[in-house]
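The file input-v8.tsv contains TSV, C-alpha atoms and all ligand atoms:
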chain	number	residue	atom	x	y	z
A	1155	MET	CA	130.19	92.40	99.22
A	1156	THR	CA	129.15	88.79	99.53
A	1157	GLN	CA	125.47	88.14	98.99
A	1158	THR	CA	124.85	84.46	99.15
A	1159	MET	CA	121.23	84.43	100.16
A	1160	PRO	CA	120.05	80.82	99.93
A	1161	ASP	CA	117.12	80.60	97.54
A	1162	ASP	CA	114.96	78.68	99.93
A	1163	LEU	CA	115.60	80.54	103.18
A	1164	TRP	CA	112.04	81.85	103.09
A	1165	ARG	CA	110.71	78.29	103.43
A	1166	ASP	CA	111.92	78.38	106.99
A	1167	PHE	CA	110.05	81.59	107.78
A	1168	PRO	CA	107.04	81.30	110.11
A	1169	LYS	CA	103.59	81.76	108.62
A	1170	THR	CA	101.52	82.38	111.73
A	1171	ALA	CA	101.97	84.49	114.84
A	1172	THR	CA	102.35	81.32	116.95
A	1173	GLU	CA	105.01	79.94	114.63
A	1174	PHE	CA	106.71	83.31	114.68
A	1175	GLU	CA	106.85	83.43	118.49
A	1176	ALA	CA	108.42	79.97	118.56
A	1177	ARG	CA	110.87	80.46	115.70
A	1178	PHE	CA	112.17	83.87	116.80
A	1179	ALA	CA	111.82	83.52	120.56
A	1180	THR	CA	115.23	85.00	121.34
A	1181	GLU	CA	117.59	87.60	119.95
A	1182	GLU	CA	119.96	84.75	119.12
A	1183	ASP	CA	117.30	83.14	116.88
A	1184	CYS	CA	116.96	86.38	114.92
A	1185	ARG	CA	120.71	86.87	114.75
A	1186	ALA	CA	121.19	83.40	113.26
A	1187	TYR	CA	118.55	84.07	110.61
A	1188	TRP	CA	120.04	87.49	109.87
A	1189	ILE	CA	123.53	86.00	109.41
A	1190	GLU	CA	122.04	83.41	107.08
A	1191	ALA	CA	120.23	86.10	105.07
A	1192	ARG	CA	123.11	88.55	104.94
A	1193	TRP	CA	126.16	86.31	104.59
A	1194	GLY	CA	124.77	82.88	103.78
A	1195	GLY	CA	125.71	81.80	107.31
A	1196	LYS	CA	129.37	82.91	107.16
A	1197	PRO	CA	129.90	86.48	108.42
A	1198	ALA	CA	132.54	88.35	106.43
A	1199	CYS	CA	134.69	91.40	107.14
A	1200	ALA	CA	133.18	94.50	105.53
A	1201	ARG	CA	136.65	95.82	104.68
A	1202	CYS	CA	138.58	92.82	103.34
A	1203	SER	CA	135.82	90.19	102.92
A	1204	SER	CA	137.74	87.70	105.04
A	1205	THR	CA	135.51	85.19	106.79
A	1206	ARG	CA	138.08	84.66	109.56
A	1207	VAL	CA	136.22	86.74	112.12
A	1208	TRP	CA	135.70	86.64	115.89
A	1209	THR	CA	132.39	87.33	117.50
A	1210	ILE	CA	132.53	90.19	119.99
A	1211	ARG	CA	130.10	92.41	121.91
A	1212	GLU	CA	127.61	89.65	122.65
A	1213	GLY	CA	127.45	88.58	119.05
A	1214	THR	CA	126.54	91.97	117.62
A	1215	THR	CA	129.95	92.61	116.04
A	1216	PHE	CA	132.62	90.60	114.23
A	1217	GLU	CA	136.29	91.44	114.44
A	1218	CYS	CA	138.43	90.44	111.46
A	1219	SER	CA	141.46	88.35	112.34
A	1220	ASP	CA	143.17	89.40	109.10
A	1221	CYS	CA	142.80	93.19	109.14
A	1222	GLY	CA	141.33	93.94	112.58
A	1223	HIS	CA	138.30	95.75	111.16
A	1224	GLN	CA	135.08	95.47	113.15
A	1225	THR	CA	131.87	94.78	111.27
A	1226	SER	CA	128.57	95.01	113.11
A	1227	LEU	CA	125.60	92.83	112.24
A	1228	THR	CA	123.71	95.79	110.85
A	1229	SER	CA	126.43	98.08	109.50
A	1230	GLY	CA	126.03	98.78	105.80
A	1231	THR	CA	122.39	97.65	105.86
A	1232	LEU	CA	119.08	99.42	106.22
A	1233	LEU	CA	119.24	98.81	109.98
A	1234	GLU	CA	122.65	100.43	110.46
A	1235	LYS	CA	123.01	102.15	113.85
A	1236	THR	CA	119.73	100.79	115.16
A	1237	HIS	CA	119.56	100.76	118.94
A	1238	LYS	CA	116.79	98.21	119.03
A	1239	PRO	CA	117.22	94.42	119.02
A	1240	LEU	CA	116.76	92.50	115.79
A	1241	LYS	CA	113.91	90.70	117.50
A	1242	MET	CA	111.88	93.90	117.47
A	1243	TRP	CA	112.67	94.53	113.82
A	1244	PHE	CA	111.66	90.99	112.91
A	1245	ARG	CA	108.40	91.51	114.78
A	1246	ALA	CA	107.72	94.75	112.88
A	1247	ILE	CA	108.54	93.12	109.54
A	1248	PHE	CA	106.23	90.24	110.38
A	1249	GLU	CA	103.39	92.58	111.35
A	1250	ILE	CA	103.80	94.66	108.20
A	1251	SER	CA	104.02	91.63	105.94
A	1252	THR	CA	101.21	89.57	107.43
A	1253	ARG	CA	98.52	92.18	107.15
A	1254	ARG	CA	97.11	92.01	103.70
A	1255	THR	CA	96.20	95.65	103.84
A	1256	GLY	CA	99.30	96.94	105.56
A	1257	ILE	CA	99.57	98.91	108.71
A	1258	SER	CA	99.49	102.54	109.76
A	1259	GLY	CA	102.18	104.29	111.79
A	1260	LYS	CA	99.77	104.56	114.73
A	1261	ASP	CA	99.06	100.80	114.62
A	1262	LEU	CA	102.75	100.00	114.52
A	1263	GLN	CA	103.41	102.35	117.42
A	1264	ARG	CA	100.78	100.57	119.51
A	1265	ILE	CA	101.88	97.03	118.59
A	1266	MET	CA	105.56	97.71	119.19
A	1267	GLY	CA	104.96	99.85	122.28
A	1268	PHE	CA	107.00	102.76	120.93
A	1269	GLY	CA	106.92	105.89	123.04
A	1270	SER	CA	106.95	108.15	120.03
A	1271	TYR	CA	105.09	108.19	116.76
A	1272	LYS	CA	108.28	109.40	115.09
A	1273	THR	CA	109.98	106.06	115.79
A	1274	ALA	CA	107.05	104.14	114.32
A	1275	TRP	CA	107.05	106.45	111.31
A	1276	SER	CA	110.76	105.94	110.64
A	1277	TRP	CA	110.51	102.14	110.98
A	1278	LEU	CA	107.55	102.01	108.65
A	1279	HIS	CA	109.26	104.15	106.04
A	1280	LYS	CA	112.53	102.24	106.25
A	1281	LEU	CA	110.72	98.97	105.68
A	1282	ARG	CA	108.76	100.54	102.83
A	1283	ALA	CA	112.03	101.62	101.27
A	1284	ALA	CA	113.19	97.99	101.43
A	1285	MET	CA	110.02	96.87	99.69
A	1286	VAL	CA	110.48	99.37	96.87
A	1287	ARG	CA	113.94	98.12	96.03
A	1288	SER	CA	112.47	95.00	94.52
A	1289	MET	CA	110.63	96.95	91.86
A	1290	SER	CA	113.25	97.31	89.19
A	1291	ASP	CA	112.10	95.12	86.28
A	1292	PRO	CA	110.22	97.24	83.76
A	1293	LEU	CA	106.62	96.31	83.00
A	1294	GLY	CA	105.70	94.50	79.79
A	1295	PRO	CA	104.84	93.17	77.29
A	1296	PHE	CA	101.27	94.59	77.44
A	1297	VAL	CA	100.90	97.69	79.56
A	1298	GLN	CA	98.05	100.11	80.17
A	1299	ILE	CA	98.67	103.65	81.42
A	1300	ASP	CA	96.12	105.88	83.06
A	1301	GLU	CA	95.96	108.46	85.79
A	1302	ALA	CA	93.94	109.17	88.88
A	1303	LEU	CA	93.28	111.95	91.34
A	1304	VAL	CA	93.86	110.78	94.87
A	1305	GLY	CA	92.42	112.66	97.81
A	1306	GLY	CA	94.58	114.91	99.91
A	1307	LYS	CA	93.90	114.94	103.63
A	1308	GLY	CA	90.32	115.87	104.42
A	1309	GLY	CA	89.94	118.51	101.73
A	1310	PRO	CA	88.96	119.06	98.14
A	1311	HIS	CA	92.61	119.08	97.14
A	1312	LYS	CA	93.61	116.12	94.97
A	1313	GLU	CA	96.97	114.72	93.99
A	1314	LEU	CA	97.75	113.38	90.54
A	1315	VAL	CA	98.97	109.79	90.27
A	1316	LEU	CA	100.16	108.04	87.10
A	1317	VAL	CA	99.29	104.36	86.91
A	1318	ALA	CA	100.88	101.71	84.70
A	1319	ALA	CA	99.49	98.18	84.83
A	1320	GLU	CA	100.24	94.94	83.07
A	1321	ALA	CA	97.05	93.12	82.11
A	1322	ASN	CA	96.27	91.21	85.35
A	1323	GLY	CA	99.85	91.67	86.42
A	1324	ARG	CA	102.16	94.09	88.15
A	1325	VAL	CA	101.57	97.81	88.63
A	1326	ARG	CA	103.64	100.95	89.12
A	1327	LEU	CA	102.42	104.24	90.53
A	1328	ALA	CA	103.96	107.68	90.53
A	1329	HIS	CA	102.89	110.82	92.34
A	1330	VAL	CA	103.45	113.65	89.85
A	1331	GLU	CA	103.02	117.40	89.50
A	1332	ASN	CA	101.29	117.17	86.13
A	1333	ASN	CA	100.80	114.89	83.15
A	1334	ASP	CA	102.69	116.76	80.47
A	1335	LYS	CA	104.74	114.91	77.87
A	1336	ASP	CA	108.02	115.16	79.76
A	1337	THR	CA	106.50	113.71	82.89
A	1338	CYS	CA	104.78	110.94	80.94
A	1339	LYS	CA	108.07	110.18	79.21
A	1340	ARG	CA	109.99	109.91	82.49
A	1341	PHE	CA	107.32	107.63	83.89
A	1342	ALA	CA	107.31	105.41	80.78
A	1343	ASP	CA	111.10	105.25	80.55
A	1344	GLY	CA	111.46	104.44	84.22
A	1345	GLN	CA	108.72	101.83	84.48
A	1346	ILE	CA	107.84	100.35	81.10
A	1347	ALA	CA	109.94	98.13	78.85
A	1348	ALA	CA	111.18	99.85	75.68
A	1349	ASP	CA	109.38	97.33	73.46
A	1350	ALA	CA	106.13	97.02	75.44
A	1351	ASN	CA	102.76	97.50	73.75
A	1352	VAL	CA	101.02	100.41	75.40
A	1353	VAL	CA	97.31	101.19	75.66
A	1354	THR	CA	96.09	104.57	76.93
A	1355	ASP	CA	92.97	106.68	76.70
A	1356	GLY	CA	93.00	109.71	74.44
A	1357	HIS	CA	95.15	111.88	76.70
A	1358	ALA	CA	97.49	113.99	74.57
A	1359	GLY	CA	100.45	113.43	76.88
A	1360	TYR	CA	100.92	110.01	75.31
A	1361	ASP	CA	102.48	110.12	71.88
A	1362	LYS	CA	105.75	109.40	70.06
A	1363	LYS	CA	107.55	111.95	72.18
A	1364	SER	CA	106.62	110.41	75.52
A	1365	LEU	CA	106.31	106.75	74.53
A	1366	GLY	CA	109.08	106.56	71.93
A	1367	GLU	CA	109.07	103.47	69.73
A	1368	ARG	CA	106.63	101.52	71.86
A	1369	PRO	CA	103.60	100.38	69.83
A	1370	HIS	CA	100.74	102.51	71.16
A	1371	ASP	CA	96.94	102.33	70.98
A	1372	ALA	CA	95.18	105.48	72.16
A	1373	ILE	CA	91.61	104.35	72.71
A	1374	VAL	CA	88.92	106.93	73.27
A	1375	GLN	CA	85.81	105.31	74.72
A	1376	THR	CA	82.36	106.48	75.68
A	1377	LYS	CA	81.04	105.49	79.10
A	1378	ALA	CA	78.85	102.85	77.49
A	1379	GLU	CA	81.75	101.40	75.51
A	1380	ARG	CA	83.87	101.31	78.62
A	1381	ARG	CA	81.19	99.40	80.50
A	1382	GLU	CA	81.19	96.89	77.68
A	1383	SER	CA	84.96	96.49	77.43
A	1384	ASP	CA	87.25	98.87	79.28
A	1385	ALA	CA	90.52	99.40	77.36
A	1386	VAL	CA	92.40	100.35	80.52
A	1387	GLN	CA	90.55	98.09	82.92
A	1388	SER	CA	93.63	96.95	84.86
A	1389	CYS	CA	94.41	100.60	85.63
A	1390	HIS	CA	90.86	101.37	86.70
A	1391	TRP	CA	90.82	98.29	88.89
A	1392	THR	CA	94.15	99.26	90.45
A	1393	ILE	CA	92.95	102.80	91.11
A	1394	SER	CA	89.81	101.67	92.88
A	1395	LEU	CA	91.79	99.22	95.04
A	1396	LEU	CA	94.31	101.96	95.80
A	1397	LYS	CA	91.62	104.40	96.90
A	1398	ARG	CA	90.00	101.79	99.07
A	1399	TRP	CA	93.36	100.90	100.63
A	1400	LEU	CA	94.21	104.53	101.39
A	1401	LEU	CA	90.82	105.00	103.00
A	1402	GLY	CA	90.77	101.67	104.84
A	1403	THR	CA	94.26	101.31	106.26
A	1404	HIS	CA	95.19	104.93	106.49
A	1405	ALA	CA	91.75	106.49	106.87
A	1406	GLY	CA	92.63	108.69	103.91
A	1407	ALA	CA	95.08	110.51	106.15
A	1408	VAL	CA	98.05	110.38	103.82
A	1409	ARG	CA	100.09	113.55	103.70
A	1410	ASP	CA	100.89	114.70	100.19
A	1411	LYS	CA	104.61	114.65	100.76
A	1412	HIS	CA	104.48	110.98	101.79
A	1413	LEU	CA	102.09	109.84	99.09
A	1414	GLN	CA	104.82	108.26	96.96
A	1415	ALA	CA	105.92	106.03	99.85
A	1416	TYR	CA	102.35	104.79	100.24
A	1417	LEU	CA	102.02	104.22	96.50
A	1418	ASP	CA	105.19	102.13	96.60
A	1419	GLU	CA	103.90	100.03	99.45
A	1420	PHE	CA	100.60	99.52	97.69
A	1421	ALA	CA	102.40	98.41	94.53
A	1422	PHE	CA	104.65	96.03	96.50
A	1423	ARG	CA	101.64	94.34	98.07
A	1424	HIS	CA	99.61	94.37	94.90
A	1425	ASN	CA	102.43	92.86	92.85
A	1426	ARG	CA	102.72	90.04	95.36
A	1427	ARG	CA	99.04	89.32	95.75
A	1428	LYS	CA	99.48	85.88	94.23
A	1429	THR	CA	102.50	85.02	96.37
A	1430	ASN	CA	101.65	82.14	98.65
A	1431	GLY	CA	102.17	82.71	102.29
A	1432	VAL	CA	102.91	85.69	104.43
A	1433	GLY	CA	106.11	84.03	105.57
A	1434	ARG	CA	107.46	84.34	102.08
A	1435	ILE	CA	106.68	88.06	101.92
A	1436	ALA	CA	108.29	88.71	105.31
A	1437	ALA	CA	111.37	86.73	104.27
A	1438	ARG	CA	111.59	88.80	101.07
A	1439	VAL	CA	111.51	92.00	103.10
A	1440	ILE	CA	114.40	90.77	105.27
A	1441	GLU	CA	116.30	89.84	102.10
A	1442	ARG	CA	115.93	93.46	100.96
A	1443	VAL	CA	116.78	94.93	104.35
A	1444	VAL	CA	120.18	93.21	104.48
A	1445	VAL	CA	121.22	94.55	101.07
A	1446	HIS	CA	119.66	98.01	101.34
A	1447	GLU	CA	122.02	100.92	101.99
A	1448	PRO	CA	121.72	102.65	105.36
A	1449	LEU	CA	118.97	105.24	105.57
A	1450	PRO	CA	119.59	107.87	108.24
A	1451	MET	CA	116.68	110.08	109.30
A	1452	ARG	CA	117.73	113.03	107.14
A	1453	LYS	CA	117.87	110.87	104.04
A	1454	LEU	CA	114.63	109.14	104.97
A	1455	ILE	CA	112.78	112.44	105.09
A	1456	ASP	CA	114.34	113.43	101.81
A	1457	GLU	CA	113.35	110.12	100.18
A	1458	THR	CA	109.76	110.39	101.26
A	1459	ARG	CA	109.46	113.83	99.77
A	1460	ARG	CA	107.09	114.56	96.93
A	1461	CYS	CA	107.88	113.23	93.45
A	1462	ARG	CA	111.08	111.55	94.46
A	1463	TRP	CA	111.16	109.39	91.34
A	1464	PHE	CA	111.28	112.46	89.23
A	1465	ARG	CA	113.60	114.78	91.05
A	1466	SER	CA	116.68	112.81	90.09
A	1467	THR	CA	116.01	113.41	86.44
A	1468	GLN	CA	115.20	117.10	86.72
A	1469	SER	CA	118.57	118.12	85.42
A	1470	ALA	CA	117.58	116.57	82.08
A	1471	PRO	CA	116.56	119.08	79.39
A	1472	ALA	CA	112.92	120.06	79.81
B	1	ZN	ZN	139.18	92.27	107.35
Could I get this structure in the form of C-alpha cells?
Ligand SMILES: [Zn+2]
Amino acid sequence: MTQTMPDDLWRDFPKTATEFEARFATEEDCRAYWIEARWGGKPACARCSSTRVWTIREGTTFECSDCGHQTSLTSGTLLEKTHKPLKMWFRAIFEISTRRTGISGKDLQRIMGFGSYKTAWSWLHKLRAAMVRSMSDPLGPFVQIDEALVGGKGGPHKELVLVAAEANGRVRLAHVENNDKDTCKRFADGQIAADANVVTDGHAGYDKKSLGERPHDAIVQTKAERRESDAVQSCHWTISLLKRWLLGTHAGAVRDKHLQAYLDEFAFRHNRRKTNGVGRIAARVIERVVVHEPLPMRKLIDETRRCRWFRSTQSAPA
C-alpha cells in the first residue's frame, strides 16, 4: 500500500471554525484533501497499485485501467462502507480535535444532527480508535507508574486504572482487573521501554518479575514527604486531570466497558497538549484514519470492551 503522506499537509489544515467552513466548503474540497492524505495526491489501485485509474461514481471510486479493479475512496480505511459524505466526517474530526476537553456522544449527536445516539457513538469510537494508533512508542527514559480508582457510573463501584507517566511527558493508561505481578508486567512490557528507569511507590506488584531488567526505585513516602517532593508526581497529576476530564466532559457517565476507550482518548489529548494548533491535531487524526483498518460495528464493540489491551495476551502462561 502506498502511504506518501506529505509531512507538511497539516499546515494547510484550518485552525478556526471560519477557516474550516471556507476550506472544506464542498465534498470536493474534502475529497481532494483525503486523496492527498491517503495517496499523496495520486490515487492507486488497491489490488495492483497502478496509478492509472479512472474516476467513476461522482469521484467516490477509482477504476484501474490495468486490472479493472474498483477502489473506493474509503475502502481499506477506517471509514470503509460509510454512507455519509466525507464532509460530515471532516466536520466531526474538527469538532473532536478542536475541543481541548473532547466531546461526548450526546454533544456529537447534537452538532452533527444525527437521528440516533448509536451513530454518534460509533463515530466517536472510530475516531478514538484512530487516535490510539499513534501511541506505539514505549515510554522512557524516566517513567513513573502508579494506579488509581476511577468512579463507575453513579455508584460506589470503582475501576482500577494503571498509569505510566514520563516526567512532564507522555502518559499511558490501562483499565485492568487487578494489579498483580502478571498484569503489571503486561502493562510495563506493552508501554515502557525495556531500559527505562522506573519509579513506583511501595506496591508489591512492581519487582524484578514484573519490571524485568529495568532499573527500579520503589519509594515509600509518608503524606508529609509526598507534599514536600512527590516521587510519582506526574502520575498523581495525570490522575487528577483524568478524573476532572471524566467528570467535566462526560459527567462521570463512563460505562465500565468503555472506560479503556476514554482512557485512550485522554492520553492522546494529554500527550499532544504542547502541540501547537488544533489544525495540526485534526490533520493528524485524518492521517490515522486513512491508514487505519476498517472497523465494522461488531469489531468496534469488541474493541471497546473491557481490558482490551490485555485480552490479546491472555493465552500467555499465567
Ligand atoms: Zn489495478
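At a cut-off of 9 Å from (96.7, 90.7, 80.5), the residue set is A:Phe1296, A:Val1297, A:Glu1320, A:Ala1321, A:Asn1322, A:Gly1323, A:Ser1388 (counting only C-alpha atoms).
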Per residue of chain A within 6 Å of ligand ZN 1 (chain B), record the nearest atom pair and its distance in Å to one decimal, counting all atoms listed in the file, with rows in chain order and ascending residue number, as a tab-separated table.
residue	atom	partner	partner_atom	distance
A:Cys1199	CA	B:ZN1	ZN	4.6
A:Arg1201	CA	B:ZN1	ZN	5.1
A:Cys1202	CA	B:ZN1	ZN	4.1
A:Ser1203	CA	B:ZN1	ZN	5.9
A:Ser1204	CA	B:ZN1	ZN	5.3
A:Cys1218	CA	B:ZN1	ZN	4.6
A:Asp1220	CA	B:ZN1	ZN	5.2
A:Cys1221	CA	B:ZN1	ZN	4.1
A:Gly1222	CA	B:ZN1	ZN	5.9
A:His1223	CA	B:ZN1	ZN	5.2
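Compared by their closest atoms to Ala1284 of chain A, and using all atoms listed in the file, the residues A:Arg1452, A:Arg1442, A:Arg1398, A:Arg1185 rank with A:Arg1442 nearest.
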Restricting the calculation to only C-alpha atoms: of A:Ala1350, A:Ala1200, A:Ile1455, A:Ala1436, which residue gets closest to Phe1174 of chain A?
A:Ala1436
The distance between atom CA of Ala1176 of chain A and atom CA of Thr1228 of chain A is 23.3 Å
I'd like the contact shell of Leu1303 of chain A - 6 Å cut-off, all atoms listed in the file, skipping same-chain residues fewer than 2 positions apart - returned as number ranges by chain.
A: 1312-1314
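Between atom CA of Pro1450 of chain A and atom CA of Ala1283 of chain A the separation is 12.0 Å.
Distance check against Lys1272 of chain A using all atoms listed in the file: of A:Ala1318, A:Met1285, A:Leu1454, A:Ile1299, the minimum falls on A:Leu1454.
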